[in-house]
Amino acid sequence: MIPDNFLQLAIETAKSSPSRRKVGAVLLKKSKVVATAVNLEQKSHPLQARLAKKVGLCEKIYLHAEIAALIKAKEDADTIVVARVNTRNKLRMAKPCPICTLALEQEGIKNVYYTTNEGFMYKYNLEEDSLEIHETT
Ligand SMILES: [Zn+2]
């Protein structure tokens with residue numbers, strides 16, 4: 001179970017995104033923060049572009065929060081928390097897209113937590129291909 005403070009950190013990070021779609025990602029290793037990042041609708045990155053091409057979404061070259069966090073990380077991580085908020089700071093679906101899922105798999109991230117429109121948080125295990133639902137407070 002993920003502590004609420006990491007969810008809060010992901011939400012606060014998302015709020016700081018300069019993009020219209022506000023997404024924030026927190027990378028963790030053994031419950032310690034390794035990196036935080038936001039999506040950047042104006043900034044492309046070669047890694048994002050390469051992975052986008054791989055999954056057939058060539059136009060998605062602008063940095064997603066998950067990939068931005070992986071680029072910033074100085075050490076390996078095992079967990080990522082992704083939050084998305086709308087302009088009124090309500091939680092929105094932040095399920096990683098196919099590009100980010102590929103990146104997370106390649107980097108060995110096992111646990112993916114993401115916010116949903118219902119205010120719940122989902123935990124997806126990339127290794128076991130399992131989904132759990134967590135209440136957010
Ligand atoms: Zn993505």
# chains A, B, ... in the order shown; residues from 1 in each chain; ligands from 1

call {"tool": "residues_around", "arguments": {"residues": "Leu40 (chain A)", "least_positions_apart": "5", "cutoff": "12 Å", "atoms": "only C-alpha atoms", "output": "PyMOL selection string"}}
result
chain A and resi 14+16-25+45+48+60-69

call {"tool": "write_last_selection", "arguments": {"atoms": "N, CA and C atoms", "output": "mmCIF file, in the first residue's frame"}}
result
data_model
loop_
_atom_site.group_PDB
_atom_site.id
_atom_site.type_symbol
_atom_site.label_atom_id
_atom_site.label_comp_id
_atom_site.auth_asym_id
_atom_site.auth_seq_id
_atom_site.Cartn_x
_atom_site.Cartn_y
_atom_site.Cartn_z
ATOM 1 N N ALA A 14 1.834 17.352 -10.201
ATOM 2 C CA ALA A 14 0.946 17.524 -11.359
ATOM 3 C C ALA A 14 0.461 18.972 -11.458
ATOM 4 N N SER A 16 1.911 21.567 -10.689
ATOM 5 C CA SER A 16 2.974 22.480 -11.129
ATOM 6 C C SER A 16 3.271 22.335 -12.620
ATOM 7 N N SER A 17 2.594 21.425 -13.296
ATOM 8 C CA SER A 17 2.845 21.250 -14.729
ATOM 9 C C SER A 17 2.400 22.483 -15.507
ATOM 10 N N PRO A 18 3.230 22.959 -16.443
ATOM 11 C CA PRO A 18 2.838 24.113 -17.253
ATOM 12 C C PRO A 18 1.875 23.732 -18.378
ATOM 13 N N SER A 19 1.605 22.429 -18.520
ATOM 14 C CA SER A 19 0.783 21.968 -19.639
ATOM 15 C C SER A 19 -0.703 22.096 -19.325
ATOM 16 N N ARG A 20 -1.521 22.024 -20.368
ATOM 17 C CA ARG A 20 -2.971 22.072 -20.169
ATOM 18 C C ARG A 20 -3.434 20.812 -19.455
ATOM 19 N N ARG A 21 -2.987 19.661 -19.935
ATOM 20 C CA ARG A 21 -3.208 18.381 -19.251
ATOM 21 C C ARG A 21 -2.136 18.274 -18.190
ATOM 22 N N LYS A 22 -2.501 18.331 -16.929
ATOM 23 C CA LYS A 22 -1.491 18.388 -15.873
ATOM 24 C C LYS A 22 -1.229 17.011 -15.283
ATOM 25 N N VAL A 23 -0.036 16.497 -15.562
ATOM 26 C CA VAL A 23 0.341 15.177 -15.072
ATOM 27 C C VAL A 23 1.641 15.296 -14.281
ATOM 28 N N GLY A 24 1.683 14.595 -13.164
ATOM 29 C CA GLY A 24 2.895 14.572 -12.355
ATOM 30 C C GLY A 24 3.265 13.137 -12.043
ATOM 31 N N ALA A 25 4.557 12.844 -12.017
ATOM 32 C CA ALA A 25 5.005 11.489 -11.717
ATOM 33 C C ALA A 25 6.055 11.527 -10.613
ATOM 34 N N HIS A 45 11.776 14.980 -26.621
ATOM 35 C CA HIS A 45 12.990 14.338 -26.120
ATOM 36 C C HIS A 45 13.257 13.106 -26.979
ATOM 37 N N GLN A 48 11.699 9.845 -25.636
ATOM 38 C CA GLN A 48 10.257 9.837 -25.835
ATOM 39 C C GLN A 48 9.940 9.530 -27.302
ATOM 40 N N LYS A 60 3.741 11.421 -30.816
ATOM 41 C CA LYS A 60 3.778 11.733 -29.377
ATOM 42 C C LYS A 60 5.216 11.951 -28.900
ATOM 43 N N ILE A 61 5.824 13.020 -29.403
ATOM 44 C CA ILE A 61 7.234 13.244 -29.096
ATOM 45 C C ILE A 61 7.436 14.128 -27.870
ATOM 46 N N TYR A 62 6.335 14.719 -27.362
ATOM 47 C CA TYR A 62 6.496 15.633 -26.236
ATOM 48 C C TYR A 62 6.499 14.865 -24.920
ATOM 49 N N LEU A 63 7.345 15.326 -24.044
ATOM 50 C CA LEU A 63 7.651 14.567 -22.831
ATOM 51 C C LEU A 63 6.453 14.278 -21.935
ATOM 52 N N HIS A 64 6.230 13.017 -21.691
ATOM 53 C CA HIS A 64 5.249 12.595 -20.700
ATOM 54 C C HIS A 64 5.933 12.564 -19.346
ATOM 55 N N ALA A 65 5.149 12.751 -18.293
ATOM 56 C CA ALA A 65 5.715 12.868 -16.949
ATOM 57 C C ALA A 65 6.502 11.623 -16.549
ATOM 58 N N GLU A 66 5.982 10.440 -16.927
ATOM 59 C CA GLU A 66 6.650 9.198 -16.524
ATOM 60 C C GLU A 66 8.046 9.113 -17.127
ATOM 61 N N ILE A 67 8.147 9.449 -18.422
ATOM 62 C CA ILE A 67 9.442 9.362 -19.102
ATOM 63 C C ILE A 67 10.372 10.471 -18.611
ATOM 64 N N ALA A 68 9.809 11.658 -18.373
ATOM 65 C CA ALA A 68 10.619 12.751 -17.818
ATOM 66 C C ALA A 68 11.218 12.340 -16.476
ATOM 67 N N ALA A 69 10.443 11.631 -15.665
ATOM 68 C CA ALA A 69 10.941 11.182 -14.353
ATOM 69 C C ALA A 69 12.042 10.138 -14.530
#

call {"tool": "residues_around", "arguments": {"residues": "Leu131 (chain A)", "least_positions_apart": "2", "cutoff": "10 Å", "atoms": "only C-alpha atoms", "output": "PyMOL selection string"}}
result
chain A and resi 111-113+122-126+128-129+133-134

call {"tool": "closest_atom_pairs", "arguments": {"of": "chain A", "to": "ligand 1", "cutoff": "7 Å", "atoms": "only C-alpha atoms and all ligand atoms", "output": "Markdown table"}}
result
| residue | atom | partner | partner_atom_place_in_ligand_line | distance |
| --- | --- | --- | --- | --- |
| A:His64 | CA | ligand 1 | 1 (Zn) | 4.9 |
| A:Glu66 | CA | ligand 1 | 1 (Zn) | 6.5 |
| A:Pro96 | CA | ligand 1 | 1 (Zn) | 5.1 |
| A:Cys97 | CA | ligand 1 | 1 (Zn) | 4.2 |
| A:Pro98 | CA | ligand 1 | 1 (Zn) | 6.6 |
| A:Ile99 | CA | ligand 1 | 1 (Zn) | 5.3 |
| A:Cys100 | CA | ligand 1 | 1 (Zn) | 4.2 |

call {"tool": "residues_around", "arguments": {"residues": "Leu27 (chain A)", "least_positions_apart": "2", "cutoff": "12 Å", "atoms": "only C-alpha atoms", "output": "PDB file with C-alpha atoms, in the first residue's frame"}}
result
ATOM      1  CA  PHE A   6       3.493  10.015  -2.148  1.00  0.00           C
ATOM      2  CA  LEU A   7       0.092  10.458  -3.715  1.00  0.00           C
ATOM      3  CA  LEU A   9       3.470  14.630  -3.776  1.00  0.00           C
ATOM      4  CA  ALA A  10       2.348  13.329  -7.176  1.00  0.00           C
ATOM      5  CA  THR A  13       3.802  17.821  -8.846  1.00  0.00           C
ATOM      6  CA  GLY A  24       2.895  14.572 -12.355  1.00  0.00           C
ATOM      7  CA  ALA A  25       5.005  11.489 -11.717  1.00  0.00           C
ATOM      8  CA  LYS A  29      12.832   3.119  -4.814  1.00  0.00           C
ATOM      9  CA  LYS A  30      11.975   1.217  -1.669  1.00  0.00           C
ATOM     10  CA  SER A  31       9.624   4.041  -0.619  1.00  0.00           C
ATOM     11  CA  LYS A  32      12.221   6.757  -1.168  1.00  0.00           C
ATOM     12  CA  VAL A  33      11.729   9.463  -3.786  1.00  0.00           C
ATOM     13  CA  VAL A  34      14.166   9.087  -6.684  1.00  0.00           C
ATOM     14  CA  ALA A  35      12.709  11.735  -9.020  1.00  0.00           C
ATOM     15  CA  THR A  36       9.638  13.840  -9.678  1.00  0.00           C
ATOM     16  CA  ALA A  37       8.614  15.257 -13.047  1.00  0.00           C
ATOM     17  CA  VAL A  38       5.745  16.811 -14.977  1.00  0.00           C
ATOM     18  CA  ALA A  65       5.715  12.868 -16.949  1.00  0.00           C
ATOM     19  CA  GLU A  66       6.650   9.198 -16.524  1.00  0.00           C
ATOM     20  CA  ILE A  67       9.442   9.362 -19.102  1.00  0.00           C
ATOM     21  CA  ALA A  68      10.619  12.751 -17.818  1.00  0.00           C
ATOM     22  CA  ALA A  69      10.941  11.182 -14.353  1.00  0.00           C
ATOM     23  CA  LEU A  70      12.875   8.198 -15.721  1.00  0.00           C
ATOM     24  CA  ILE A  71      15.265  10.588 -17.505  1.00  0.00           C
ATOM     25  CA  LYS A  72      15.812  12.605 -14.304  1.00  0.00           C
ATOM     26  CA  ALA A  73      16.326   9.559 -12.097  1.00  0.00           C
ATOM     27  CA  LYS A  74      19.913   9.004 -11.025  1.00  0.00           C
ATOM     28  CA  GLU A  75      19.248   5.537  -9.662  1.00  0.00           C
ATOM     29  CA  ASP A  76      16.981   2.601 -10.386  1.00  0.00           C
ATOM     30  CA  ALA A  77      13.426   2.764  -9.172  1.00  0.00           C
ATOM     31  CA  ASP A  78      10.798   0.098  -8.498  1.00  0.00           C
ATOM     32  CA  THR A  79       7.586   2.109  -8.252  1.00  0.00           C
ATOM     33  CA  ILE A  80       5.970   5.094  -9.950  1.00  0.00           C
ATOM     34  CA  VAL A  81       3.014   7.171  -8.802  1.00  0.00           C
ATOM     35  CA  VAL A  82       1.266   9.118 -11.557  1.00  0.00           C
ATOM     36  CA  ALA A  83      -1.351  11.761 -10.851  1.00  0.00           C
ATOM     37  CA  LEU A 104       8.521   1.617 -17.361  1.00  0.00           C
ATOM     38  CA  GLU A 107      13.425   0.317 -16.661  1.00  0.00           C
ATOM     39  CA  GLY A 108      12.162  -2.479 -14.430  1.00  0.00           C
ATOM     40  CA  ILE A 109       9.439  -0.490 -12.689  1.00  0.00           C
ATOM     41  CA  LYS A 110       7.154  -3.088 -11.112  1.00  0.00           C
ATOM     42  CA  ASN A 111       4.422  -1.082  -9.465  1.00  0.00           C
ATOM     43  CA  VAL A 112       2.471   1.623 -11.228  1.00  0.00           C
ATOM     44  CA  TYR A 113      -0.012   3.668  -9.220  1.00  0.00           C
TER      45      TYR A 113
END

call {"tool": "select_by_dssp", "arguments": {"residues": "chain A", "states": "strand (DSSP E)", "output": "PyMOL selection string"}}
result
chain A and resi 22-29+32-38+79-85+91-92+111-115+121-125+130-134

call {"tool": "closest_residue", "arguments": {"among": "A:Gln8, A:Leu102, A:Gly119, A:Leu28", "to": "Lys53 (chain A)", "atoms": "only C-alpha atoms"}}
result
A:Leu102

call {"tool": "atom_distance", "arguments": {"atom1": "CA of Tyr114 (chain A)", "atom2": "CA of Ala94 (chain A)"}}
result
5.3 Å

call {"tool": "atom_distance", "arguments": {"atom1": "CA of Arg50 (chain A)", "atom2": "CA of Glu105 (chain A)"}}
result
14.9 Å

call {"tool": "atom_distance", "arguments": {"atom1": "CA of Ser44 (chain A)", "atom2": "CA of Glu127 (chain A)"}}
result
28.8 Å

call {"tool": "residues_around", "arguments": {"residues": "Arg88 (chain A)", "least_positions_apart": "2", "cutoff": "12 Å", "atoms": "only C-alpha atoms", "output": "list in words"}}
result
Lys15, Arg20, Arg21, Lys22, Arg84, Val85, Asn86, Lys90, Leu91 and Arg92 of chain A

call {"tool": "write_last_selection", "arguments": {"atoms": "C-alpha atoms", "output": "PDB file, in the first residue's frame"}}
result
ATOM      1  CA  LYS A  15      -0.404  20.930 -10.297  1.00  0.00           C
ATOM      2  CA  ARG A  20      -2.971  22.072 -20.169  1.00  0.00           C
ATOM      3  CA  ARG A  21      -3.208  18.381 -19.251  1.00  0.00           C
ATOM      4  CA  LYS A  22      -1.491  18.388 -15.873  1.00  0.00           C
ATOM      5  CA  ARG A  84      -3.356  13.949 -13.179  1.00  0.00           C
ATOM      6  CA  VAL A  85      -5.475  16.930 -12.158  1.00  0.00           C
ATOM      7  CA  ASN A  86      -7.826  19.105 -14.147  1.00  0.00           C
ATOM      8  CA  LYS A  90      -9.887  17.331  -9.426  1.00  0.00           C
ATOM      9  CA  LEU A  91      -8.185  13.988  -9.915  1.00  0.00           C
ATOM     10  CA  ARG A  92      -8.313  12.610 -13.431  1.00  0.00           C
TER      11      ARG A  92
END
